$ cat structure08.cif   # mmCIF, C-alpha atoms
data_work
#
loop_
_atom_site.label_atom_id
_atom_site.label_comp_id
_atom_site.auth_asym_id
_atom_site.auth_seq_id
_atom_site.Cartn_x
_atom_site.Cartn_y
_atom_site.Cartn_z
CA MET E 1 -4.90 -13.22 -7.46
CA HIS E 2 -8.17 -14.62 -8.76
CA PRO E 3 -8.46 -14.06 -12.55
CA ASP E 4 -11.92 -12.41 -12.16
CA ILE E 5 -10.24 -9.67 -10.10
CA ALA E 6 -6.89 -9.58 -11.89
CA LYS E 7 -8.45 -8.78 -15.25
CA HIS E 8 -10.11 -5.66 -13.84
CA LEU E 9 -6.96 -4.50 -12.02
CA ASP E 10 -5.00 -4.83 -15.27
CA SER E 11 -7.75 -3.00 -17.13
CA ILE E 12 -7.81 -0.11 -14.60
CA ILE E 13 -4.04 0.37 -14.78
CA SER E 14 -4.15 0.31 -18.55
CA LEU E 15 -7.06 2.76 -18.82
CA TYR E 16 -6.03 5.27 -16.17
CA THR E 17 -2.40 5.50 -17.20
CA SER E 18 -3.28 6.12 -20.84
CA GLU E 19 -2.55 9.48 -22.42
CA LYS E 20 -6.22 10.45 -22.07
CA LYS E 21 -6.18 9.85 -18.32
CA GLN E 22 -2.64 10.98 -17.49
CA LYS E 23 -3.85 13.93 -15.40
CA HIS E 24 -5.39 11.50 -12.91
CA LEU E 25 -2.16 9.55 -12.66
CA LEU E 26 -0.02 12.65 -12.26
CA ALA E 27 -2.26 14.08 -9.54
CA GLY E 28 -2.08 10.74 -7.74
CA LYS E 29 1.69 10.52 -8.09
CA ASP E 30 2.17 14.04 -6.74
CA LEU E 31 0.10 13.28 -3.67
CA TYR E 32 1.48 9.81 -3.03
CA PHE E 33 5.19 10.35 -3.61
CA THR E 34 5.21 13.70 -1.83
CA GLN E 35 4.01 11.84 1.23
CA THR E 36 6.09 8.68 0.89
CA GLY E 37 9.28 10.00 -0.77
CA TRP E 38 10.02 9.95 -4.48
CA PRO E 39 11.58 6.82 -5.96
CA GLN E 40 14.14 6.85 -8.74
CA ARG E 41 14.74 4.06 -11.19
CA ARG E 42 18.02 2.19 -10.76
CA ARG E 43 20.67 3.25 -13.21
CA MET V 1 8.35 14.46 -12.06
CA ARG V 2 12.06 15.32 -12.14
CA GLU V 3 11.27 18.93 -11.20
CA LYS V 4 9.16 17.71 -8.32
CA ILE V 5 12.03 15.64 -7.00
CA SER V 6 14.22 18.70 -6.53
CA THR V 7 11.52 20.48 -4.52
CA LEU V 8 11.19 17.84 -1.86
CA PRO V 9 14.10 18.17 0.56
CA LYS V 10 11.77 17.95 3.56
CA GLN V 11 10.74 14.46 2.56
CA GLY V 12 14.35 13.33 2.41
CA GLY V 13 14.62 13.82 -1.35
CA PRO V 14 15.07 11.06 -3.90
CA ASN V 15 17.38 8.15 -3.54
CA ASP V 16 20.04 7.74 -6.21
CA GLU V 17 19.29 4.06 -6.55
CA ASP V 18 16.11 2.64 -5.10
CA GLU V 19 16.54 -1.11 -4.98
CA ASP V 20 12.83 -1.50 -4.32
CA TYR V 21 11.74 0.78 -7.17
CA GLU V 22 9.37 -1.78 -8.68
CA SER V 23 7.70 -2.69 -5.39
CA ARG V 24 7.22 1.00 -4.62
CA ILE V 25 5.56 1.54 -7.99
CA ASN V 26 3.27 -1.47 -7.37
CA SER V 27 2.48 -0.02 -3.97
CA PHE V 28 1.62 3.29 -5.62
CA TYR V 29 -0.73 1.62 -8.11
CA ASP V 30 -2.63 -0.17 -5.34
CA TRP V 31 -3.06 3.12 -3.48
CA PHE V 32 -3.92 4.97 -6.71
CA ILE V 33 -6.70 2.54 -7.60
CA PHE V 34 -8.25 2.01 -4.17
CA ASP V 35 -7.42 4.98 -1.92
CA PHE V 36 -6.75 8.04 -4.06
CA HIS V 37 -9.67 10.49 -4.12
CA CYS V 38 -9.22 11.98 -7.60
CA PRO V 39 -9.78 15.77 -7.64
CA TYR V 40 -10.91 15.69 -11.29
CA LEU V 41 -13.36 12.83 -10.91
CA LYS V 42 -14.38 13.71 -7.33
CA LYS V 43 -14.32 10.00 -6.54
CA SER V 44 -11.83 7.15 -6.44
CA ILE V 45 -10.35 5.68 -9.62
CA LEU V 46 -12.01 2.38 -8.77
CA GLN V 47 -15.45 3.97 -8.35
CA ASP V 48 -15.09 5.73 -11.71
CA TYR V 49 -14.04 2.50 -13.42
CA ILE V 50 -16.97 0.55 -11.96
CA GLU V 51 -19.44 3.24 -13.04
CA HIS V 52 -18.22 3.22 -16.64
CA HIS V 53 -17.43 -0.44 -17.24
CA LYS V 54 -19.23 -3.72 -17.03
CA VAL V 55 -18.22 -5.13 -13.66
CA GLU V 56 -20.25 -7.93 -12.11
CA ASP V 57 -21.86 -6.94 -8.80
CA HIS V 58 -20.02 -9.51 -6.71
CA VAL V 59 -16.68 -8.50 -8.24
CA ALA V 60 -17.42 -4.79 -7.68
CA LYS V 61 -18.35 -5.48 -4.07
CA SER V 62 -15.08 -7.32 -3.53
CA LEU V 63 -13.02 -4.53 -5.11
CA LEU V 64 -14.85 -1.81 -3.14
CA THR V 65 -14.22 -3.50 0.21
CA THR V 66 -10.45 -3.86 -0.18
CA THR V 67 -8.62 -3.35 3.13
CA PHE V 68 -5.55 -1.08 3.41
CA SER V 69 -3.61 -1.72 6.61
CA LEU V 70 -0.44 -2.63 8.47
CA PHE V 71 -0.02 -6.39 8.71
CA GLU V 72 2.20 -8.84 10.55
CA PHE V 73 3.06 -12.11 8.83
CA SER V 74 2.10 -14.34 11.78
CA LYS V 75 2.70 -17.89 10.61
CA ILE V 76 2.06 -20.68 8.12
CA ASN V 77 -0.89 -22.71 9.42
CA PHE V 78 -1.38 -26.49 9.32
CA ARG V 79 -3.01 -26.16 5.90
CA LYS V 80 0.15 -24.43 4.62
CA LYS V 81 -1.67 -21.11 4.29
CA ILE V 82 -0.21 -17.76 5.29
CA VAL V 83 -1.81 -16.20 8.37
CA LEU V 84 -1.60 -12.42 8.77
CA GLU V 85 -2.60 -10.17 11.63
CA ASP V 86 -4.24 -6.94 10.51
CA LEU V 87 -2.78 -4.70 13.21
CA LEU V 88 -5.05 -1.69 12.68
CA HIS V 89 -8.30 -3.70 12.70
CA LYS V 90 -7.18 -6.40 15.18
CA LYS V 91 -8.18 -9.14 12.77
CA LYS V 92 -6.67 -12.44 11.62
CA VAL V 93 -6.50 -12.92 7.83
CA VAL V 94 -5.77 -16.30 6.22
CA LEU V 95 -4.53 -15.93 2.66
CA THR V 96 -5.41 -18.20 -0.22
CA GLN V 97 -1.98 -18.02 -1.80
CA ASP V 98 0.95 -20.03 -0.47
CA LYS V 99 4.24 -18.86 1.01
CA ALA V 100 6.13 -19.09 -2.26
CA ASN V 101 4.19 -16.14 -3.63
CA ILE V 102 4.72 -13.58 -0.87
CA GLY V 103 8.47 -13.21 -0.20
CA LEU V 104 8.23 -12.45 3.54
CA ILE V 105 9.33 -14.26 6.68
CA GLU V 106 7.37 -14.77 9.88
CA LYS V 107 7.01 -11.68 12.13
CA ASP V 108 7.77 -9.30 9.25
CA LEU V 109 5.49 -6.28 9.07
CA PHE V 110 4.23 -4.73 5.88
CA VAL V 111 1.86 -2.07 4.62
CA GLY V 112 -0.44 -3.40 1.93
CA HIS V 113 -3.94 -4.23 0.70
CA TYR V 114 -5.97 -7.41 0.69
CA LEU V 115 -9.38 -8.22 -0.69
CA THR V 116 -11.87 -11.03 -0.22
CA TYR V 117 -13.43 -12.73 -3.24
CA GLN V 118 -15.70 -15.77 -3.06
CA GLY V 119 -14.58 -16.36 0.52
CA ASP V 120 -10.87 -16.33 -0.31
CA ASN V 121 -8.43 -13.61 0.80
CA TYR V 122 -5.91 -12.27 -1.71
CA LEU V 123 -2.98 -9.98 -1.03
CA LEU V 124 -2.31 -7.31 -3.64
CA SER V 125 1.19 -6.99 -5.06
CA GLY V 126 2.17 -3.60 -3.62
CA LEU V 127 3.80 -4.52 -0.31
CA ALA V 128 6.02 -2.19 1.73
CA ALA V 129 7.94 -4.49 4.07
CA ILE V 130 9.11 -3.26 7.49
CA SER V 131 11.49 -5.15 9.78
CA HIS V 132 9.95 -6.72 12.91
CA GLU V 133 12.57 -4.80 14.92
CA ILE V 134 10.60 -1.61 14.24
CA ARG V 135 7.41 -2.88 15.85
CA PRO V 136 8.13 -1.54 19.38
CA TYR V 137 8.28 2.00 17.97
CA LEU V 138 4.85 1.59 16.34
CA THR V 139 2.93 0.01 19.22
CA LYS V 140 1.67 3.22 20.84
CA GLU V 141 0.44 4.71 17.55
CA ILE V 142 -1.19 1.42 16.50
CA LYS V 143 -3.15 1.29 19.77
CA ARG V 144 -4.29 4.89 19.32
CA LEU V 145 -5.48 4.17 15.78
CA GLN V 146 -7.26 0.98 16.83
CA LYS V 147 -9.28 3.00 19.34
CA ILE V 148 -10.34 5.83 17.03
CA ASN V 149 -10.82 3.51 13.99
CA GLN V 150 -11.07 6.34 11.44
CA ILE V 151 -10.17 5.37 7.89
CA GLU V 152 -8.59 8.70 6.89
CA GLU V 153 -6.31 8.65 9.96
CA HIS V 154 -5.37 5.08 9.11
CA LYS V 155 -4.47 6.10 5.56
CA ASP V 156 -2.36 9.04 6.78
CA PHE V 157 -0.52 6.74 9.19
CA LEU V 158 0.15 4.12 6.51
CA LEU V 159 1.56 6.68 4.07
CA LYS V 160 3.71 8.20 6.83
CA LEU V 161 4.93 4.73 7.74
CA LYS V 162 6.02 4.17 4.15
CA PHE V 163 7.82 7.50 4.18
CA LEU V 164 9.61 6.69 7.46
CA ARG V 165 10.55 3.25 6.12
CA ASN V 166 12.13 4.87 3.07
CA LYS V 167 13.83 7.46 5.28
CA MET V 168 15.30 4.73 7.49
CA LYS V 169 16.93 3.15 4.45
CA ARG V 170 18.59 6.42 3.55
CA TYR V 171 19.66 7.36 7.09
CA ALA V 172 21.04 4.04 8.28
CA HIS V 173 23.19 5.77 10.91
CA VAL V 174 20.12 7.19 12.71
CA HIS V 175 18.50 4.99 15.36
CA PRO V 176 15.02 3.80 14.29
CA LYS V 177 13.42 5.21 17.45
CA ASP V 178 14.46 8.69 16.28
CA ILE V 179 12.95 8.08 12.85
CA PHE V 180 9.65 6.40 13.76
CA GLN V 181 8.11 9.38 15.55
CA PHE V 182 4.35 10.02 15.29
CA ASN V 183 3.82 13.17 17.33
#
$ encode --input "structure08.cif" --output "structure tokens"
Amino acid sequence: MHPDIAKHLDSIISLYTSEKKQKHLLAGKDLYFTQTGWPQRRR
Amino acid sequence: MREKISTLPKQGGPNDEDEDYESRINSFYDWFIFDFHCPYLKKSILQDYIEHHKVEDHVAKSLLTTTFSLFEFSKINFRKKIVLEDLLHKKKVVLTQDKANIGLIEKDLFVGHYLTYQGDNYLLSGLAAISHEIRPYLTKEIKRLQKINQIEEHKDFLLKLKFLRNKMKRYAHVHPKDIFQFN
């Protein structure tokens, strides 16, 4: 990925998964994983 | 999230051990940034970010025109670049990155995003790979979606395809033609 783009993608992930923005992430997760099936981390 | 897992038997429920956990999370992040219409913000996460942060116009334009689709890894061309076929938009896409970075073999299908920046095409990291053997079961639905060319229908199809791909992994004894149904 070009660094001009990569820096913004990293910044978005960091900002919108922060405690302040968690509600956005949770709403997204509910919608996405309900439709695609929920993953579970390998034990 | 754990409570949610137990309420989802219709979706096939969770897998005990998802080998592709990390790729599925990357795939989620790509969708979350580019395709999720946030009910709190009433816009996409990307649109909100661009409105509140200093993003150069040409970078914003590139980010806002990211393409979400089903792709076939067609070949490596004479310049050693990966050539994809965007199956929903009937378009050839030549990637900037080389084969070493993608982890797919020719004729593989995958659901993913790409964007164009300064004339170069870049694939995003969240890829959901689908065996080429599944393609015959998708042909009819792909043709229907090509004709109507509606972005929301495309998104619904791509999420359903990811779900069916995950379901196929869990129900290996079921024939793919009985899993990849789009009625």
$ closest_residue --input "structure08.cif" --among "V:Trp31, V:Asp57, V:Leu138, V:Glu72" --to "Ile45 of chain V" --atoms "only C-alpha atoms"
V:Trp31
$ closest_atom_pairs --input "structure08.cif" --of "segment 88-147 of chain V" --to "segment 2-19 of chain E" --cutoff "12 Å" --atoms "all atoms listed in the file" --output "CSV"
residue,atom,partner,partner_atom,distance
V:Thr96,CA,E:His2,CA,9.7
V:Gln97,CA,E:His2,CA,9.9
V:Tyr114,CA,E:Ile5,CA,11.8
V:Leu115,CA,E:Ile5,CA,9.6
V:Thr116,CA,E:His2,CA,10.0
V:Tyr117,CA,E:His2,CA,7.9
V:Gln118,CA,E:His2,CA,9.5
V:Gly119,CA,E:His2,CA,11.4
V:Asp120,CA,E:His2,CA,9.0
V:Asn121,CA,E:His2,CA,9.6
V:Tyr122,CA,E:His2,CA,7.8
V:Leu123,CA,E:His2,CA,10.4
V:Leu124,CA,E:Ala6,CA,9.7
V:Ser125,CA,E:Ala6,CA,10.9
$ residues_around --input "structure08.cif" --residues "segment 27-33 of chain E" --least-positions-apart "4" --cutoff "8 Å" --atoms "all atoms listed in the file" --output "PyMOL selection string"
(chain E and resi 23+37-39) or (chain V and resi 28+32+36+38-39+159)
$ atom_distance --input "structure08.cif" --atom1 "atom CA of Gln47 of chain V" --atom2 "atom CA of Asp35 of chain V"
10.3 Å
$ resolve_selection --input "structure08.cif" --expression "the PyMOL selection byres ((chain V and resi 94) around 8)" --output "list in words"
Lys81, Ile82, Val83, Leu84, Lys92, Val93, Leu95, Thr96 and Asn121 of chain V
